[in-house]
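Data from target07.cif: mmCIF, C-alpha atoms
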```
data_target
#
loop_
_atom_site.label_atom_id
_atom_site.label_comp_id
_atom_site.auth_asym_id
_atom_site.auth_seq_id
_atom_site.Cartn_x
_atom_site.Cartn_y
_atom_site.Cartn_z
CA MET A 1 0.00 0.00 0.00
CA ARG A 2 1.40 3.33 -1.07
CA ILE A 3 1.65 5.61 1.93
CA THR A 4 0.50 9.18 1.58
CA GLN A 5 2.22 11.56 3.93
CA GLY A 6 3.19 15.16 3.32
CA CYS A 7 2.81 17.17 0.15
CA PHE A 8 2.42 15.63 -3.33
CA SER A 9 1.95 12.13 -1.96
CA PHE A 10 -1.21 11.53 -4.02
CA LEU A 11 0.71 12.40 -7.16
CA PRO A 12 3.03 10.05 -8.98
CA ASP A 13 6.55 10.07 -7.52
CA LEU A 14 8.37 13.31 -8.28
CA THR A 15 11.21 13.15 -10.75
CA ASP A 16 14.58 14.56 -9.72
CA GLU A 17 13.90 17.59 -11.85
CA GLN A 18 10.62 18.21 -10.06
CA ILE A 19 12.28 17.71 -6.67
CA THR A 20 14.97 20.22 -7.67
CA SER A 21 12.43 22.89 -8.50
CA GLN A 22 10.46 22.25 -5.29
CA VAL A 23 13.68 22.55 -3.27
CA GLN A 24 14.60 25.70 -5.15
CA TYR A 25 11.20 27.14 -4.26
CA CYS A 26 11.92 26.46 -0.56
CA LEU A 27 15.37 28.05 -0.80
CA ASP A 28 13.99 31.11 -2.57
CA LYS A 29 11.58 31.49 0.34
CA GLY A 30 14.56 31.45 2.72
CA TRP A 31 13.68 28.16 4.41
CA ALA A 32 16.29 25.76 5.75
CA VAL A 33 15.99 22.43 3.98
CA ASN A 34 16.92 19.09 5.50
CA ILE A 35 16.72 15.45 4.52
CA GLU A 36 15.19 12.77 6.77
CA PHE A 37 14.77 9.02 6.43
CA THR A 38 12.99 6.22 8.24
CA ASP A 39 11.88 2.63 7.84
CA ASP A 40 8.84 2.91 10.09
CA PRO A 41 6.01 4.07 7.86
CA HIS A 42 3.39 4.46 10.63
CA PRO A 43 1.65 7.85 10.18
CA ARG A 44 2.17 8.67 13.85
CA ASN A 45 5.93 8.16 13.56
CA THR A 46 7.12 11.75 13.68
CA PHE A 47 10.71 10.96 14.56
CA TRP A 48 12.46 10.43 11.28
CA GLU A 49 16.22 10.36 11.36
CA MET A 50 18.12 13.27 9.89
CA TRP A 51 20.66 12.85 7.10
CA GLY A 52 23.50 15.09 8.13
CA LEU A 53 22.62 18.51 9.44
CA PRO A 54 19.95 20.94 8.32
CA MET A 55 21.39 23.01 5.50
CA PHE A 56 21.33 26.72 6.20
CA ASP A 57 22.28 29.60 3.90
CA LEU A 58 22.09 27.65 0.66
CA ARG A 59 21.21 29.49 -2.51
CA ASP A 60 20.90 26.70 -5.01
CA ALA A 61 19.19 23.31 -4.94
CA ALA A 62 22.23 21.52 -6.38
CA GLY A 63 23.79 21.13 -2.92
CA ILE A 64 20.68 19.46 -1.53
CA MET A 65 20.28 17.21 -4.55
CA LYS A 66 23.86 16.07 -4.00
CA GLU A 67 23.04 15.19 -0.38
CA LEU A 68 19.86 13.44 -1.49
CA ALA A 69 21.85 11.33 -3.94
CA ASP A 70 24.25 10.41 -1.12
CA CYS A 71 21.35 9.55 1.18
CA ARG A 72 19.73 7.38 -1.49
CA ARG A 73 22.95 5.51 -1.97
CA VAL A 74 23.00 4.52 1.70
CA TYR A 75 19.27 4.36 2.56
CA GLY A 76 17.72 3.84 -0.85
CA ASP A 77 15.54 1.04 0.56
CA ARG A 78 13.77 3.33 3.02
CA TYR A 79 11.47 6.31 3.02
CA ILE A 80 13.31 9.61 2.50
CA ARG A 81 11.62 12.97 2.79
CA ILE A 82 12.66 16.57 2.36
CA CYS A 83 11.51 19.11 4.94
CA ALA A 84 11.84 22.87 4.82
CA PHE A 85 11.87 24.84 8.04
CA ASP A 86 10.73 28.45 8.16
CA SER A 87 12.47 30.29 10.96
CA SER A 88 10.61 33.57 10.51
CA HIS A 89 8.67 34.95 13.45
CA GLY A 90 5.21 33.52 13.81
CA TRP A 91 5.98 30.39 11.79
CA GLU A 92 9.03 28.80 13.34
CA SER A 93 7.98 25.43 12.05
CA VAL A 94 8.24 23.06 9.11
CA ARG A 95 6.43 24.62 6.16
CA ILE A 96 6.62 21.79 3.69
CA SER A 97 7.64 18.17 3.72
CA PHE A 98 7.40 15.65 0.92
CA ILE A 99 8.52 12.09 0.30
CA VAL A 100 11.28 11.74 -2.28
CA ASN A 101 12.14 8.07 -1.96
CA ARG A 102 10.14 4.93 -1.16
CA PRO A 103 10.98 1.28 -0.62
CA GLN A 104 10.40 -0.84 -3.68
CA HIS A 105 7.71 -2.84 -1.98
CA GLU A 106 5.47 -1.08 0.50
CA GLY A 107 3.85 -3.71 2.67
CA GLY A 108 0.94 -1.72 3.99
CA PHE A 109 -0.78 -1.94 7.37
CA ARG A 110 -2.69 -4.50 9.37
CA LEU A 111 -5.78 -3.37 11.28
CA ASP A 112 -6.08 -4.99 14.73
CA ARG A 113 -9.42 -4.99 16.49
CA GLN A 114 -9.60 -5.53 20.20
CA GLU A 115 -12.89 -6.14 21.97
CA ALA A 116 -12.96 -4.12 25.15
CA ALA A 117 -15.49 -3.88 27.97
CA GLY A 118 -19.07 -2.99 26.98
CA ARG A 119 -18.78 -4.23 23.37
CA ASN A 120 -16.36 -1.38 22.64
CA ILE A 121 -13.80 -2.00 19.94
CA ARG A 122 -10.30 -0.57 19.96
CA TYR A 123 -8.43 -0.30 16.73
CA ALA A 124 -4.71 -0.36 16.10
CA THR A 125 -2.76 -0.18 12.86
CA ARG A 126 0.55 -1.96 12.48
CA ALA A 127 2.85 -1.76 9.52
CA TYR A 128 3.72 -5.23 8.29
CA ALA A 129 7.22 -3.92 7.80
CA ALA A 130 7.47 -3.18 11.53
CA ASP A 131 7.41 -6.91 12.29
CA ARG A 132 11.04 -7.03 11.31
CA PRO A 133 13.75 -5.29 13.34
CA GLU A 134 14.72 -1.74 12.55
CA GLY A 135 17.18 -1.46 9.70
CA GLU A 136 16.08 -4.78 8.09
CA ARG A 137 12.49 -3.86 7.32
CA TYR A 138 12.75 -3.28 3.63
CA GLN A 139 15.66 -5.53 2.75
CA SER A 140 14.55 -8.26 0.40
CA MET B 1 34.90 42.61 -28.18
CA ALA B 2 31.84 41.69 -30.25
CA GLN B 3 32.74 43.15 -33.61
CA PRO B 4 29.82 43.36 -36.00
CA SER B 5 32.01 41.88 -38.73
CA LEU B 6 31.24 38.48 -37.29
CA GLN B 7 27.56 39.16 -37.37
CA ALA B 8 25.34 36.64 -39.04
CA VAL B 9 22.34 37.71 -41.07
CA PRO B 10 20.22 39.48 -38.46
CA SER B 11 16.65 38.71 -39.28
CA GLU B 12 14.29 38.43 -36.33
CA ALA B 13 12.14 35.76 -37.94
CA SER B 14 14.96 33.58 -39.16
CA ARG B 15 16.64 33.70 -35.75
CA GLU B 16 13.61 32.14 -34.09
CA ALA B 17 13.06 29.53 -36.72
CA ASP B 18 16.54 28.56 -37.74
CA PRO B 19 19.08 27.76 -35.02
CA SER B 20 21.84 27.48 -37.61
CA SER B 21 22.30 31.27 -37.60
CA VAL B 22 22.49 33.57 -34.62
CA ASP B 23 22.45 37.33 -34.35
CA LEU B 24 25.63 37.97 -32.42
CA ARG B 25 24.81 41.52 -31.51
CA GLY B 26 21.40 40.46 -30.29
CA GLU B 27 22.99 37.79 -28.11
CA PHE B 28 25.55 40.26 -26.82
CA GLU B 29 22.92 42.81 -25.91
CA ALA B 30 20.56 40.24 -24.46
CA ALA B 31 23.21 39.11 -22.03
CA ASP B 32 23.97 42.76 -21.22
CA ILE B 33 27.65 42.09 -20.61
CA ALA B 34 28.56 45.39 -22.20
CA SER B 35 27.29 47.29 -19.18
CA ILE B 36 29.31 45.10 -16.82
CA LEU B 37 32.45 45.53 -18.88
CA ALA B 38 31.88 49.28 -18.99
CA GLN B 39 31.39 49.33 -15.24
CA LEU B 40 34.61 47.37 -14.87
CA ASP B 41 36.41 49.97 -16.99
CA ARG B 42 34.91 52.84 -15.06
CA GLU B 43 35.36 51.57 -11.52
CA LEU B 44 38.64 49.76 -11.79
CA ILE B 45 41.63 51.91 -12.57
CA GLY B 46 44.58 50.42 -14.41
CA LEU B 47 44.65 46.61 -14.51
CA VAL B 48 44.75 46.63 -18.31
CA PRO B 49 45.91 43.00 -18.71
CA VAL B 50 43.16 41.86 -16.34
CA LYS B 51 40.47 43.74 -18.21
CA THR B 52 41.71 42.37 -21.52
CA ARG B 53 41.65 38.89 -20.09
CA ILE B 54 38.12 39.32 -18.75
CA ARG B 55 36.95 40.58 -22.13
CA GLU B 56 38.47 37.50 -23.71
CA ILE B 57 36.78 35.23 -21.20
CA ALA B 58 33.47 37.02 -21.66
CA ALA B 59 33.81 36.66 -25.44
CA LEU B 60 34.61 32.99 -25.07
CA LEU B 61 31.60 32.47 -22.84
CA LEU B 62 29.32 34.32 -25.23
CA VAL B 63 30.48 32.21 -28.14
CA GLU B 64 30.22 29.10 -26.02
CA ARG B 65 26.63 30.00 -25.18
CA ILE B 66 25.75 30.43 -28.82
CA ARG B 67 27.44 27.15 -29.66
CA ARG B 68 25.36 25.45 -27.00
CA LYS B 69 22.21 26.93 -28.52
CA MET B 70 23.18 25.46 -31.86
CA SER B 71 24.11 22.24 -30.07
CA LEU B 72 27.68 22.46 -31.34
CA ALA B 73 29.20 22.31 -27.86
CA SER B 74 28.89 19.05 -26.01
CA ALA B 75 31.07 19.28 -22.92
CA TYR B 76 30.50 21.95 -20.33
CA PRO B 77 33.43 24.38 -20.39
CA THR B 78 35.82 24.46 -17.45
CA LEU B 79 35.45 27.87 -15.88
CA HIS B 80 37.57 27.60 -12.75
CA MET B 81 40.05 30.44 -12.52
CA SER B 82 43.08 31.52 -10.60
CA PHE B 83 43.73 35.17 -9.79
CA THR B 84 47.29 35.93 -8.82
CA GLY B 85 48.71 39.23 -7.68
CA ASN B 86 49.92 41.24 -4.75
CA PRO B 87 47.54 42.29 -1.97
CA GLY B 88 45.20 45.14 -2.75
CA THR B 89 45.27 44.71 -6.53
CA GLY B 90 41.53 44.14 -6.82
CA LYS B 91 41.24 40.35 -6.98
CA THR B 92 38.11 40.17 -4.85
CA THR B 93 36.42 43.04 -6.69
CA VAL B 94 37.10 41.41 -10.03
CA ALA B 95 35.82 38.09 -8.69
CA LEU B 96 32.51 39.76 -7.84
CA ARG B 97 32.28 41.16 -11.37
CA MET B 98 33.24 37.81 -12.84
CA ALA B 99 30.37 36.19 -10.93
CA ASP B 100 28.06 38.78 -12.44
CA ILE B 101 29.29 38.08 -15.96
CA LEU B 102 28.98 34.32 -15.49
CA HIS B 103 25.49 34.78 -14.12
CA ARG B 104 24.31 36.97 -16.98
CA LEU B 105 25.61 34.49 -19.51
CA GLY B 106 23.90 31.68 -17.67
CA PHE B 107 27.02 29.74 -16.67
CA VAL B 108 26.15 29.97 -12.98
CA ARG B 109 22.56 29.92 -11.86
CA ARG B 110 22.55 32.41 -8.94
CA GLY B 111 25.63 34.57 -9.33
CA HIS B 112 26.51 34.96 -5.66
CA VAL B 113 30.08 34.84 -4.37
CA ILE B 114 31.11 32.91 -1.28
CA SER B 115 34.50 34.18 -0.15
CA VAL B 116 36.47 31.79 2.04
CA THR B 117 39.97 31.20 3.36
CA ARG B 118 41.68 28.12 4.76
CA ASP B 119 39.91 28.47 8.12
CA ASP B 120 36.49 28.06 6.53
CA LEU B 121 37.44 24.86 4.70
CA VAL B 122 39.85 23.01 6.95
CA GLY B 123 38.74 21.51 10.25
CA GLN B 124 40.57 21.28 13.53
CA TYR B 125 40.37 17.59 14.26
CA ILE B 126 39.98 14.30 12.41
CA GLY B 127 36.61 14.09 10.71
CA HIS B 128 35.93 17.81 10.93
CA THR B 129 37.29 18.83 7.54
CA ALA B 130 35.03 16.91 5.16
CA PRO B 131 31.69 18.18 6.55
CA LYS B 132 33.09 21.69 6.80
CA THR B 133 34.35 21.76 3.22
CA LYS B 134 31.17 20.16 1.93
CA GLU B 135 29.01 22.69 3.73
CA ILE B 136 30.90 25.57 2.14
CA LEU B 137 30.66 23.90 -1.25
CA LYS B 138 26.91 23.47 -0.82
CA LYS B 139 26.58 27.14 0.03
CA ALA B 140 28.54 28.09 -3.06
CA MET B 141 26.48 25.89 -5.41
CA GLY B 142 24.97 27.95 -8.18
CA GLY B 143 27.53 30.67 -7.68
CA VAL B 144 31.22 31.34 -7.33
CA LEU B 145 33.48 30.02 -4.60
CA PHE B 146 36.33 32.47 -4.04
CA ILE B 147 39.21 30.94 -2.10
CA ASP B 148 41.54 33.66 -0.92
CA GLU B 149 45.18 32.71 -0.29
CA ALA B 150 44.46 29.24 -1.58
CA TYR B 151 48.07 28.05 -1.10
CA TYR B 152 47.51 27.88 2.66
CA LEU B 153 45.36 24.82 1.99
CA TYR B 154 48.51 22.88 1.22
CA ARG B 155 51.08 22.62 3.99
CA PRO B 156 53.80 20.29 2.84
CA GLU B 157 55.75 20.64 6.10
CA ASN B 158 53.02 18.79 7.99
CA GLU B 159 52.07 15.55 6.31
CA ARG B 160 49.08 15.04 8.58
CA ASP B 161 47.66 18.46 7.80
CA TYR B 162 43.92 18.32 7.12
CA GLY B 163 44.30 20.74 4.21
CA GLN B 164 44.99 17.82 1.89
CA GLU B 165 41.55 16.41 2.66
CA ALA B 166 39.90 19.72 1.77
CA ILE B 167 41.90 19.81 -1.47
CA GLU B 168 40.73 16.33 -2.44
CA ILE B 169 37.06 17.18 -1.85
CA LEU B 170 37.48 20.45 -3.75
CA LEU B 171 39.09 18.73 -6.72
CA GLN B 172 36.37 16.12 -6.84
CA VAL B 173 33.57 18.70 -6.83
CA MET B 174 35.43 20.95 -9.29
CA GLU B 175 35.47 18.05 -11.70
CA SER B 176 32.10 16.39 -11.14
CA GLN B 177 29.91 19.43 -10.56
CA ARG B 178 31.38 21.84 -13.05
CA GLU B 179 27.96 23.12 -14.04
CA ASP B 180 27.00 23.85 -10.45
CA LEU B 181 29.81 26.07 -9.28
CA VAL B 182 32.88 27.97 -10.39
CA VAL B 183 35.94 28.05 -8.15
CA ILE B 184 38.27 31.04 -8.19
CA LEU B 185 41.59 30.60 -6.41
CA ALA B 186 43.42 33.76 -5.42
CA GLY B 187 46.76 34.60 -3.89
CA TYR B 188 50.26 35.94 -4.36
CA GLY B 189 51.84 34.98 -7.66
CA ASP B 190 54.93 33.06 -6.55
CA ARG B 191 53.18 31.11 -3.82
CA MET B 192 50.31 30.17 -6.11
CA GLU B 193 52.87 28.95 -8.61
CA ARG B 194 54.40 26.70 -5.94
CA PHE B 195 50.92 25.57 -4.89
CA PHE B 196 50.02 24.57 -8.44
CA ARG B 197 53.33 22.80 -8.88
CA SER B 198 52.72 20.62 -5.84
CA ASN B 199 49.05 20.05 -6.71
CA PRO B 200 48.97 19.26 -10.41
CA GLY B 201 45.31 18.34 -10.11
CA PHE B 202 44.48 21.96 -9.55
CA ARG B 203 46.47 23.25 -12.47
CA SER B 204 44.74 20.98 -14.94
CA ARG B 205 41.30 21.90 -13.59
CA VAL B 206 41.87 25.64 -13.65
CA ALA B 207 41.26 26.95 -17.13
CA HIS B 208 41.99 30.65 -16.75
CA HIS B 209 45.02 32.11 -15.02
CA VAL B 210 44.75 35.87 -14.58
CA ASP B 211 47.68 37.86 -13.25
CA PHE B 212 47.01 41.16 -11.49
CA PRO B 213 49.86 43.68 -11.89
CA ASP B 214 50.80 46.24 -9.24
CA TYR B 215 49.50 49.76 -9.68
CA ASN B 216 51.86 52.55 -10.65
CA ASP B 217 51.92 55.91 -8.84
CA ALA B 218 49.55 57.66 -11.23
CA GLU B 219 47.03 54.85 -10.95
CA LEU B 220 47.22 54.91 -7.17
CA LEU B 221 46.53 58.64 -7.22
CA ALA B 222 43.56 58.10 -9.52
CA ILE B 223 42.28 55.39 -7.20
CA ALA B 224 42.61 57.73 -4.23
CA GLU B 225 40.69 60.46 -6.01
CA LEU B 226 37.98 58.01 -7.04
CA MET B 227 37.64 56.77 -3.46
CA LEU B 228 37.46 60.33 -2.15
CA ALA B 229 34.94 61.39 -4.77
CA GLU B 230 32.71 58.49 -3.75
CA GLN B 231 32.73 59.83 -0.19
CA ASN B 232 32.32 63.48 -1.26
CA TYR B 233 35.82 64.60 -0.37
CA ARG B 234 38.35 66.22 -2.59
CA LEU B 235 42.05 67.00 -2.41
CA SER B 236 43.18 70.59 -2.64
CA ALA B 237 45.99 71.27 -5.13
CA GLU B 238 48.64 71.26 -2.40
CA ALA B 239 47.14 68.22 -0.77
CA ARG B 240 47.30 66.33 -4.06
CA GLU B 241 50.94 67.25 -4.45
CA ALA B 242 51.58 66.05 -0.90
CA PHE B 243 49.68 62.85 -1.63
CA VAL B 244 51.80 62.15 -4.70
CA ARG B 245 54.85 62.35 -2.45
CA TYR B 246 53.08 60.21 0.13
CA ILE B 247 52.46 57.47 -2.43
CA ALA B 248 56.07 57.45 -3.56
CA LEU B 249 57.27 57.19 0.05
CA ARG B 250 54.67 54.66 1.16
CA LYS B 251 55.62 52.32 -1.68
CA THR B 252 59.11 51.97 -0.29
CA ARG B 253 57.84 51.06 3.18
CA PRO B 254 57.15 47.48 4.19
CA LEU B 255 53.65 45.97 4.07
CA PHE B 256 52.60 48.08 1.13
CA SER B 257 49.42 46.61 -0.26
CA ASN B 258 48.42 48.78 -3.21
CA ALA B 259 44.84 50.06 -3.17
CA ARG B 260 44.24 48.78 0.34
CA SER B 261 47.10 50.91 1.71
CA ILE B 262 45.66 53.88 -0.13
CA ARG B 263 42.25 53.30 1.41
CA ASN B 264 43.75 53.06 4.89
CA ALA B 265 45.79 56.20 4.30
CA LEU B 266 42.65 58.03 3.23
CA ASP B 267 40.85 56.88 6.37
CA ARG B 268 43.63 58.36 8.49
CA ILE B 269 43.63 61.56 6.42
CA ARG B 270 39.91 61.93 7.00
CA LEU B 271 40.55 61.47 10.69
CA ARG B 272 43.11 64.28 10.69
CA GLN B 273 40.81 66.50 8.64
CA ALA B 274 38.00 66.01 11.15
CA ASN B 275 40.40 66.73 13.98
CA ARG B 276 41.55 69.92 12.28
CA LEU B 277 37.97 71.10 11.80
CA VAL B 278 36.98 70.36 15.37
CA SER B 279 40.00 72.13 16.83
CA HIS B 280 38.56 75.51 15.82
CA LEU B 281 35.07 75.47 17.17
CA ASP B 282 34.17 79.15 16.85
CA ARG B 283 33.43 79.43 13.18
CA VAL B 284 30.83 78.63 10.58
CA LEU B 285 31.62 75.68 8.34
CA THR B 286 30.65 75.56 4.69
CA SER B 287 30.22 72.37 2.74
CA ASN B 288 33.48 73.25 1.00
CA ASP B 289 35.29 73.14 4.32
CA LEU B 290 33.85 69.73 5.02
CA MET B 291 34.86 68.38 1.64
CA ALA B 292 38.32 69.85 1.31
CA ILE B 293 41.39 67.93 2.38
CA GLU B 294 44.38 70.22 2.93
CA ALA B 295 48.07 69.52 2.53
CA ASN B 296 48.62 69.43 6.29
CA ASP B 297 46.16 66.58 6.69
CA VAL B 298 48.37 64.55 4.38
CA LEU B 299 51.73 65.81 5.57
CA ALA B 300 51.04 64.90 9.19
CA SER B 301 51.44 61.25 8.24
CA ARG B 302 54.22 59.36 9.94
CA VAL B 303 55.47 58.22 6.55
CA PHE B 304 56.96 61.68 6.04
CA SER B 305 58.85 61.58 9.31
CA GLY B 306 60.59 58.36 8.31
CA GLY B 307 58.27 56.05 10.20
CA SER B 308 55.79 53.61 8.88
CA ASP B 309 52.20 54.73 8.75
CA VAL B 310 51.22 51.47 10.31
CA PRO B 311 50.97 51.83 14.09
CA ALA B 312 54.15 50.66 15.76
CA LYS B 313 54.05 47.21 17.28
CA LEU B 314 54.01 46.99 21.04
CA PRO B 315 57.19 45.53 22.50
#
```
Could you rewrite the structure in this file as structure tokens?
Amino acid sequence: MRITQGCFSFLPDLTDEQITSQVQYCLDKGWAVNIEFTDDPHPRNTFWEMWGLPMFDLRDAAGIMKELADCRRVYGDRYIRICAFDSSHGWESVRISFIVNRPQHEGGFRLDRQEAAGRNIRYATRAYAADRPEGERYQS
Amino acid sequence: MAQPSLQAVPSEASREADPSSVDLRGEFEAADIASILAQLDRELIGLVPVKTRIREIAALLLVERIRRKMSLASAYPTLHMSFTGNPGTGKTTVALRMADILHRLGFVRRGHVISVTRDDLVGQYIGHTAPKTKEILKKAMGGVLFIDEAYYLYRPENERDYGQEAIEILLQVMESQREDLVVILAGYGDRMERFFRSNPGFRSRVAHHVDFPDYNDAELLAIAELMLAEQNYRLSAEAREAFVRYIALRKTRPLFSNARSIRNALDRIRLRQANRLVSHLDRVLTSNDLMAIEANDVLASRVFSGGSDVPAKLP
């Protein structure tokens, strides 16, 4: 199941050219762009790991695309996203984030139902990938 | 540079339709390099060989751009440069202009200049250098990376110096990301020569070597007058005569650094002028008084009393 988190996730995967122009848009706005990756696709997983440091004071997307290529080389089997942080007063938060790399096979989620007291039902979603230990989840 | 004799048949319609002919003048004016070159002529005094060289480079880039349009050029041209010359000869200023030219011709995408020295590239402990150099390179992407006193990167006397690591990363990026950034190395002529000799990788990757000559006395005077005019000051006739003597004397003193020494001298002269004006409080000043620099403001310099104008070092 294709996961849909962040911007553009209902669109077909962005090409490198499209990613470059999105990143350039962020830089032109003065946002600090960083690259994050994870192998836990659960939507409530907000703690993605950062690839290197956030990149401040960049003018051109080429530097970030270089880092993205490096990140793909190492973690090409995981989810990679690009986030842009707006430090201006009143925002001080991530303004945009979009997925730029996905595992080849996305396993999807299992829905667990638990019957609780008074015929209540509790639901839980588990990624099938999360059954395997971290770091091995998308290795074939 | 762009002589109309080379001009192809300039028909608006045919230019759009047929990429096998290009209106050279149109291209030249579209890129608007002429105004930059004129500005260079106006604002930089002397430096004739440098200006000639920049015109040549600009012409080459213009032609290269047209060749790319006609898909005659396949490889991206190597644009890395080395600027050699004594301190204060205008290397940084020319680098800024060069970035502008490259930007207008579309050879760099943003046209900004990141000016760095060894300290910005080389780390202080193992594993510090690579991220530091890469960060600077990322900042310079799309623009020009200006490395001042580049020979300090290479310290042959210490074989474990981290400068070598920075050099390797630089060389790699200079080769593989030629379309993303242009590197300009700057420094004194003889030391740069030694630097290139011990790092042949650099020499082969640097396409343009530009040598900045020292200024002669007349040029230094013209520079001084230009600097003063920009700040709405002017030399009186006697003051100019005194300044001519000042230049001749200052050149023989140690640590003379061309236009930079002149700028510092002018700062001190302005200080003495202000002091002179303030010492007579009971009078009405005109704008002429505020603008005029008198001979005494110049002659009070320590250079005339046999000392150096640089403050003496503490024991």
9 Å contacts from chain A to chain B using only C-alpha atoms, as a PyMOL selection string: chain A and resi 52+55-64+66
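Residues selected in this file by the PyMOL selection byres ((chain A and resi 133-137) around 10) comprise A:Thr38, A:Asp39, A:Asp40, A:Tyr75, A:Asp77, A:Arg78, A:Pro103, A:Gly107, A:Tyr128, A:Ala129, A:Ala130, A:Asp131, A:Arg132, A:Tyr138, A:Gln139, A:Ser140.
CA of Ser261 in chain B sits 15.2 Å away from CA of Phe304 in chain B.
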How would you write, as a PDB file with C-alpha atoms, in the coordinates of the input, the residues chosen by the PyMOL selection byres ((chain B and resi 161) around 12) on this structure?
```pdb
ATOM      1  CA  ARG B 118      41.680  28.120   4.760  1.00  0.00           C
ATOM      2  CA  VAL B 122      39.850  23.010   6.950  1.00  0.00           C
ATOM      3  CA  GLY B 123      38.740  21.510  10.250  1.00  0.00           C
ATOM      4  CA  GLN B 124      40.570  21.280  13.530  1.00  0.00           C
ATOM      5  CA  TYR B 125      40.370  17.590  14.260  1.00  0.00           C
ATOM      6  CA  ILE B 126      39.980  14.300  12.410  1.00  0.00           C
ATOM      7  CA  THR B 129      37.290  18.830   7.540  1.00  0.00           C
ATOM      8  CA  TYR B 152      47.510  27.880   2.660  1.00  0.00           C
ATOM      9  CA  LEU B 153      45.360  24.820   1.990  1.00  0.00           C
ATOM     10  CA  TYR B 154      48.510  22.880   1.220  1.00  0.00           C
ATOM     11  CA  ARG B 155      51.080  22.620   3.990  1.00  0.00           C
ATOM     12  CA  PRO B 156      53.800  20.290   2.840  1.00  0.00           C
ATOM     13  CA  GLU B 157      55.750  20.640   6.100  1.00  0.00           C
ATOM     14  CA  ASN B 158      53.020  18.790   7.990  1.00  0.00           C
ATOM     15  CA  GLU B 159      52.070  15.550   6.310  1.00  0.00           C
ATOM     16  CA  ARG B 160      49.080  15.040   8.580  1.00  0.00           C
ATOM     17  CA  TYR B 162      43.920  18.320   7.120  1.00  0.00           C
ATOM     18  CA  GLY B 163      44.300  20.740   4.210  1.00  0.00           C
ATOM     19  CA  GLN B 164      44.990  17.820   1.890  1.00  0.00           C
ATOM     20  CA  GLU B 165      41.550  16.410   2.660  1.00  0.00           C
ATOM     21  CA  ALA B 166      39.900  19.720   1.770  1.00  0.00           C
ATOM     22  CA  ILE B 167      41.900  19.810  -1.470  1.00  0.00           C
TER      23      ILE B 167
END
```
Separation of CA of Ser21 in chain A from CA of Glu67 in chain A, in Å and rounded to one decimal: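 Taking CA of Ser21 in chain A and CA of Glu67 in chain A, their separation equals 15.4 Å.
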Residues in the PyMOL selection byres ((chain B and resi 199) around 12), expressed as a VMD selection string: chain B and resid 150 to 151 153 to 156 163 to 164 167 to 168 170 to 171 192 to 198 200 to 206
Residue neighbourhood Tyr233 in chain B, 12 Å, only C-alpha atoms, exclusion window fewer than 6 positions, as a PyMOL selection string: chain B and resi 224-227+239+266-267+269-270+273-274+287-294
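For the pair CA of Glu36 in chain A and CA of Glu49 in chain A, the interatomic distance is 5.3 Å.
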